[in-house]
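**Q** Structure below; questions to follow.
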Amino acid sequence: MDYITITGLKVFAHHGVLEEEKKNGQDFYLNAKLFVDCHKAGVSDELRDALNYAEVCQFMTDEFKSDSYDLIEKACEELCRKLLLRYEQLEKVELKLDKPHAPIGLPFENVSVTMERAWHRAYLSFGSNMGDKKAYIEKGIQEIKEHPLIRNVKVSQLLETKPYGYVDQDVFLNGCLFLETLLLPEELLAFLHEVEQHADRKRVIVWGPRTLDMDIVFYDREVYDSEDLIIPHVDMQNREFVLKPLAELCPNYRHPILGQTVKQLLDQVQSIPQE
Ligand SMILES: Nc1ncnc2c1ncn2[C@@H]1O[C@H](COP(=O)(O)OP(=O)(O)OP(=O)(O)O)[C@@H](O)[C@H]1O
Ligand SMILES: Nc1nc2c(c(=O)[nH]1)N=C(CO)CN2
């Protein structure tokens with residue numbers, strides 16, 4: 001992918017753990033690799049099609065000076081976040097923050113931190129089979145749309161589905177949604193749990209009735225396993241109530257482990273006779 005590089009942007013700022021660093025300030029140097037698609041600007045030669053690096057430098061300077069953090073990690077993280085939120089065409093940023101005058105008391109050349117942060121694309125599945133199902137779902141989606149680190153939410157149609165697994169319960173209303181986010185997988189999961197809690201979700205029976213359930217189906221092309229999160233969702237390929245609305249959003253998205261597209265997985269599930 002294309003990128004623009006800015007190196008050695010000198011900014012006087014007040015980040016540091018020590019009181020005198022906060023009071024007196026010092027010079028920092030910002031080095032950014034800005035991942036943007038440059039093809040349009042490369043063809044048109046028009047500034048309006050480009051990421052204006054002069055403007056980005058001014059923005060980085062102003063934002064970096066406007067806060068005072070203890071840690072270079074925090075100063076760097078915040079600046080990455082601000083850049084990604086400010087410039088819509090920026091897909092990823094790699095930022096190296098140099099602090100060559102850090103109060104170390106020993107001869108050294110430089111101390112720095114480097115971070116890579118990006119917009120991630122995720123697909124979620126959601127469902128409800130208690131109370132006002134549509135209202136629970138709509139409120140949950142609204143909460144997702146309002147999250148400051150989530151953008152571009154696209155929602156499938158809602159469909160009524162028979163309960164899968166534990167069948168002695170009411171019919172479900174199900175759907176899927178696409179989003180772009182700066183949240184990491186575990187942060188996204190924690191946020192979805194909050195959204196479920198706001199719908200008064202109680203975890204009583206596994207696969208049992210729920211006011212609102214929100215699962216992560218895909219997160220970029222990632223394969224991720226931790227104690228409490230598995231991506232892609234471990235049972236999505238067996239669930240028509242996931243695959244049908246998902247096929248509306250991304251029929252050609254290929255499952256990173258199974259190698260089949262969402263549409264192919266849906267066709268397979270639908271070819272199995274239901275009792
Ligand atoms: N991809 C994922 N999305 C959401 N939760 C997940 C995922 N992978 C693992 N989990 C874990 O599953 C736990 C149980 O989730 P939940 O209570 O929603 O289960 P369930 O809806 O009854 O079953 P299922 O997850 O099979 O739909 C969550 O607390 C979470 O830690
Ligand atoms: N139709 C349908 N069945 C289910 C659903 C669901 O959302 N829809 N969720 C389950 C556990 O997450 C278990 N069974």
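In the structure tokens, the first chain shown is A, the next is B, and so on; residue numbers restart at 1 for each chain, and ligands run from 1 in the order shown.
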Given a cut-off of 10 Å, what residues near ligand 1 show up using only C-alpha atoms and all ligand atoms, put as an MDAnalysis selection string?

**A** chainID A and resid 123:127 164:166 185:186 188:190 192:193 196 201:210 212:219 224:236 239 242

**Q** Using only C-alpha atoms, determine which residues lie at most 8 Å from range 244-261 of chain A, disregarding the query and same-chain residues fewer than 5 positions distant; provide the list as a PyMOL selection string.

**A** chain A and resi 123+125+154-159+174-178+221-223+232+266

**Q** Now that the selection is made, can you save its residues with N, CA, C and O atoms as a compact mmCIF listing (two decimals), in the first residue's frame?

**A**
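Writing done, so here's result-v3.txt:
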```txt
# COMPACT_ATOMS: atom_id res chain seq x y z
N TYR A 123 -17.14 -7.67 11.09
CA TYR A 123 -18.53 -8.05 10.87
C TYR A 123 -19.06 -8.64 12.18
O TYR A 123 -18.40 -9.49 12.78
N SER A 125 -22.53 -10.29 14.32
CA SER A 125 -23.88 -10.84 14.19
C SER A 125 -24.62 -10.50 15.49
O SER A 125 -24.00 -10.40 16.55
N LYS A 154 -22.81 -0.44 8.66
CA LYS A 154 -23.82 -0.84 7.67
C LYS A 154 -24.55 -2.07 8.19
O LYS A 154 -23.91 -3.05 8.57
N VAL A 155 -25.88 -2.00 8.19
CA VAL A 155 -26.67 -3.05 8.83
C VAL A 155 -27.47 -3.83 7.79
O VAL A 155 -28.03 -3.25 6.87
N SER A 156 -27.52 -5.15 7.97
CA SER A 156 -28.32 -5.99 7.07
C SER A 156 -29.80 -5.86 7.43
O SER A 156 -30.16 -5.22 8.42
N GLN A 157 -30.64 -6.53 6.68
CA GLN A 157 -32.06 -6.64 7.06
C GLN A 157 -32.14 -7.49 8.32
O GLN A 157 -31.27 -8.34 8.56
N LEU A 158 -33.22 -7.30 9.07
CA LEU A 158 -33.46 -8.18 10.22
C LEU A 158 -34.34 -9.32 9.74
O LEU A 158 -35.25 -9.12 8.95
N LEU A 159 -34.04 -10.53 10.23
CA LEU A 159 -34.92 -11.63 9.84
C LEU A 159 -35.31 -12.48 11.04
O LEU A 159 -34.54 -12.60 12.00
N ASN A 174 -32.75 -11.75 13.98
CA ASN A 174 -31.29 -11.77 13.77
C ASN A 174 -30.87 -10.81 12.65
O ASN A 174 -31.67 -10.47 11.78
N GLY A 175 -29.61 -10.45 12.68
CA GLY A 175 -29.04 -9.64 11.61
C GLY A 175 -27.54 -9.58 11.76
O GLY A 175 -26.96 -10.17 12.69
N CYS A 176 -26.91 -8.89 10.83
CA CYS A 176 -25.45 -8.69 10.89
C CYS A 176 -25.13 -7.24 10.58
O CYS A 176 -25.95 -6.53 9.98
N LEU A 177 -23.97 -6.81 11.00
CA LEU A 177 -23.54 -5.47 10.61
C LEU A 177 -22.05 -5.42 10.35
O LEU A 177 -21.27 -6.23 10.86
N PHE A 178 -21.70 -4.44 9.52
CA PHE A 178 -20.30 -4.16 9.20
C PHE A 178 -19.92 -2.88 9.91
O PHE A 178 -20.75 -1.97 10.06
N ARG A 221 -8.79 -9.93 8.37
CA ARG A 221 -8.64 -11.34 7.94
C ARG A 221 -8.07 -12.15 9.10
O ARG A 221 -7.47 -13.20 8.90
N GLU A 222 -8.23 -11.61 10.31
CA GLU A 222 -7.50 -12.19 11.44
C GLU A 222 -8.04 -13.52 11.93
O GLU A 222 -9.25 -13.77 11.92
N VAL A 223 -7.09 -14.35 12.35
CA VAL A 223 -7.43 -15.56 13.08
C VAL A 223 -6.91 -15.31 14.48
O VAL A 223 -5.72 -15.07 14.68
N PRO A 232 -12.27 -16.15 13.46
CA PRO A 232 -13.69 -15.99 13.20
C PRO A 232 -14.54 -16.75 14.24
O PRO A 232 -14.06 -17.71 14.85
N LEU A 266 -23.11 -20.35 3.16
CA LEU A 266 -24.57 -20.27 3.27
C LEU A 266 -25.22 -21.37 2.41
O LEU A 266 -26.14 -22.07 2.88
```

**Q** Between A:Glu63, A:Asp168, A:Asp200, A:Asp70, which residue has the minimum interatomic distance to Gly131 in chain A, considering only C-alpha atoms?

**A**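 Of all the options, A:Asp200 lies closest to Gly131 in chain A.
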
**Q** As number ranges by chain, which residues of range 164-220 of chain A does DSSP assign to helix (DSSP H, G or I)?

**A** A: 185-198

**Q** Compare A:Lys139, A:Lys263, A:Lys133, A:Lys65 by their minimum atom-to-atom distance to ligand 2, counting only C-alpha atoms and all ligand atoms, and give me the closest one.

**A**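 With only C-alpha atoms and all ligand atoms as the atom set, the closest residue is A:Lys133.
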
**Q** Tell me which of A:Asn110, A:Gln142, A:Asn238, A:Ser66 sits closest to Glu78 in chain A, counting only C-alpha atoms.

**A**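 The closest residue to Glu78 in chain A is A:Ser66.
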
**Q** Between CA of Gln237 in chain A and CA of Gly140 in chain A, what is the spacing in Å?

**A**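 Computing the Euclidean distance for CA of Gly140 in chain A and CA of Gln237 in chain A yields 24.1 Å.
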
**Q** Quick one: of A:Glu180, A:Glu55, A:Asp267, A:Asp170, who's nearest to ligand 2, counting only C-alpha atoms and all ligand atoms?

**A**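 Of all the options, A:Asp170 lies closest to ligand 2.
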
**Q** What gap, in Å, lies between CA of Glu194 in chain A and CA of Ile144 in chain A?

**A** 10.4 Å

**Q** Hey, can you check how far CA of Leu34 in chain A sits from CA of Leu71 in chain A?

**A**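 Taking CA of Leu34 in chain A and CA of Leu71 in chain A, their separation equals 22.7 Å.
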
**Q** Could you list, as a PyMOL selection string, every residue within 6 Å of Lys96 in chain A, counting only C-alpha atoms and ignoring same-chain residues fewer than 5 positions away?

**A** chain A and resi 31+113-114

**Q** For those residues, write N, CA and C atoms to a file as an mmCIF file, in the first residue's frame.

**A**
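File written: out-v4.cif
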```
data_model
loop_
_atom_site.group_PDB
_atom_site.id
_atom_site.type_symbol
_atom_site.label_atom_id
_atom_site.label_comp_id
_atom_site.auth_asym_id
_atom_site.auth_seq_id
_atom_site.Cartn_x
_atom_site.Cartn_y
_atom_site.Cartn_z
ATOM 1 N N ASN A 31 7.998 11.197 13.622
ATOM 2 C CA ASN A 31 8.274 10.523 12.342
ATOM 3 C C ASN A 31 7.057 9.685 11.999
ATOM 4 N N VAL A 113 9.580 5.656 20.903
ATOM 5 C CA VAL A 113 8.566 4.598 20.863
ATOM 6 C C VAL A 113 7.975 4.606 19.455
ATOM 7 N N THR A 114 7.658 3.411 18.940
ATOM 8 C CA THR A 114 7.073 3.310 17.598
ATOM 9 C C THR A 114 5.768 2.525 17.687
#
```

**Q** In terms of the shortest atom-to-atom distance over only C-alpha atoms and all ligand atoms, which of A:Thr161, A:Thr211, A:Gln197, A:Gln169 is closest to ligand 2?

**A**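 For ligand 2, the nearest of the candidates is A:Thr161.
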
**Q** Would you kindly return, as JSON, numbers by chain, each protein, DNA or RNA residue with an atom no farther than 12 Å from any atom of Glu146 in chain A, considering only C-alpha atoms and excluding same-chain residues fewer than 6 positions away?

**A** {"A": [139, 140, 152, 153, 179, 181, 191, 195]}

**Q** Which residue gives the smallest distance to ligand 2 among A:Ser128, A:Gln26, A:Ser112, A:Ser44, with only C-alpha atoms and all ligand atoms counted?

**A** A:Ser128

**Q** Leaving out His101 in chain A and any residue of its chain fewer than 6 positions from it, which residues lie within 10 Å of it when counting only C-alpha atoms, given as a list in words?

**A** Gln26, Asp27, Phe28, Phe108, Glu109, Asn110 and Val111 of chain A

**Q** Convert the current residue selection to file output with all heavy atoms, as a short mmCIF file (atom, residue, chain, number, x, y, z; two decimals), in the first residue's frame.

**A**
```cif
data_model
loop_
_atom_site.label_atom_id
_atom_site.label_comp_id
_atom_site.auth_asym_id
_atom_site.auth_seq_id
_atom_site.Cartn_x
_atom_site.Cartn_y
_atom_site.Cartn_z
N GLN A 26 10.41 20.37 26.27
CA GLN A 26 11.63 19.99 25.54
C GLN A 26 11.25 19.67 24.09
O GLN A 26 10.06 19.54 23.76
CB GLN A 26 12.29 18.77 26.19
CG GLN A 26 11.42 17.52 26.20
CD GLN A 26 11.99 16.41 27.09
OE1 GLN A 26 13.01 15.86 26.78
NE2 GLN A 26 11.30 16.12 28.20
N ASP A 27 12.28 19.51 23.25
CA ASP A 27 12.02 19.18 21.84
C ASP A 27 11.78 17.67 21.68
O ASP A 27 12.53 16.85 22.20
CB ASP A 27 13.23 19.56 20.98
CG ASP A 27 13.28 21.07 20.74
OD1 ASP A 27 12.21 21.71 20.78
OD2 ASP A 27 14.39 21.59 20.52
N PHE A 28 10.73 17.36 20.94
CA PHE A 28 10.45 15.99 20.51
C PHE A 28 10.54 15.97 18.98
O PHE A 28 10.42 17.02 18.34
CB PHE A 28 9.04 15.56 20.93
CG PHE A 28 8.82 15.44 22.42
CD1 PHE A 28 8.56 16.57 23.19
CD2 PHE A 28 8.85 14.21 23.04
CE1 PHE A 28 8.35 16.47 24.56
CE2 PHE A 28 8.64 14.09 24.40
CZ PHE A 28 8.39 15.22 25.16
N PHE A 108 23.43 9.34 25.88
CA PHE A 108 22.65 8.50 24.95
C PHE A 108 22.24 9.37 23.77
O PHE A 108 22.26 10.60 23.83
CB PHE A 108 21.41 7.92 25.65
CG PHE A 108 20.30 8.92 25.86
CD1 PHE A 108 19.16 8.90 25.06
CD2 PHE A 108 20.39 9.89 26.85
CE1 PHE A 108 18.14 9.82 25.25
CE2 PHE A 108 19.38 10.82 27.03
CZ PHE A 108 18.26 10.78 26.24
N GLU A 109 21.89 8.70 22.70
CA GLU A 109 21.55 9.42 21.47
C GLU A 109 20.06 9.75 21.39
O GLU A 109 19.67 10.84 21.06
CB GLU A 109 21.95 8.54 20.29
CG GLU A 109 22.23 9.31 19.02
CD GLU A 109 22.87 8.39 17.99
OE1 GLU A 109 24.08 8.06 18.14
OE2 GLU A 109 22.15 8.00 17.06
N ASN A 110 19.26 8.74 21.72
CA ASN A 110 17.82 8.94 21.51
C ASN A 110 17.05 7.88 22.30
O ASN A 110 17.55 6.79 22.54
CB ASN A 110 17.49 8.78 20.02
CG ASN A 110 16.06 9.16 19.70
OD1 ASN A 110 15.43 9.93 20.43
ND2 ASN A 110 15.53 8.63 18.61
N VAL A 111 15.82 8.23 22.68
CA VAL A 111 14.89 7.21 23.16
C VAL A 111 13.60 7.44 22.38
O VAL A 111 13.21 8.58 22.13
CB VAL A 111 14.71 7.29 24.70
CG1 VAL A 111 14.17 8.63 25.15
CG2 VAL A 111 13.79 6.18 25.19
#
```

**Q** For Met60 in chain A, list every protein, DNA or RNA residue within 12 Å, evaluated using only C-alpha atoms, and leave out those in the same chain fewer than 6 positions away; present the list as an NGL selection string.

**A** :A and (6 or 9-13 or 28-32 or 53-54 or 66-67 or 75-76 or 78-84 or 86-87 or 95 or 97)

**Q** What residues in range 1-204 of chain A get the DSSP label strand (DSSP E or B)? Please answer as JSON, numbers by chain.

**A** {"A": [3, 4, 5, 6, 7, 8, 9, 10, 11, 12, 13, 26, 27, 28, 29, 30, 31, 32, 33, 34, 35, 92, 93, 94, 95, 96, 97, 98, 112, 113, 114, 115, 116, 117, 118, 120, 121, 122, 123, 124, 125, 126, 127, 128, 150, 151, 152, 153, 154, 155, 159, 160, 161, 172, 173, 174, 175, 176, 177, 178, 179, 180, 181]}
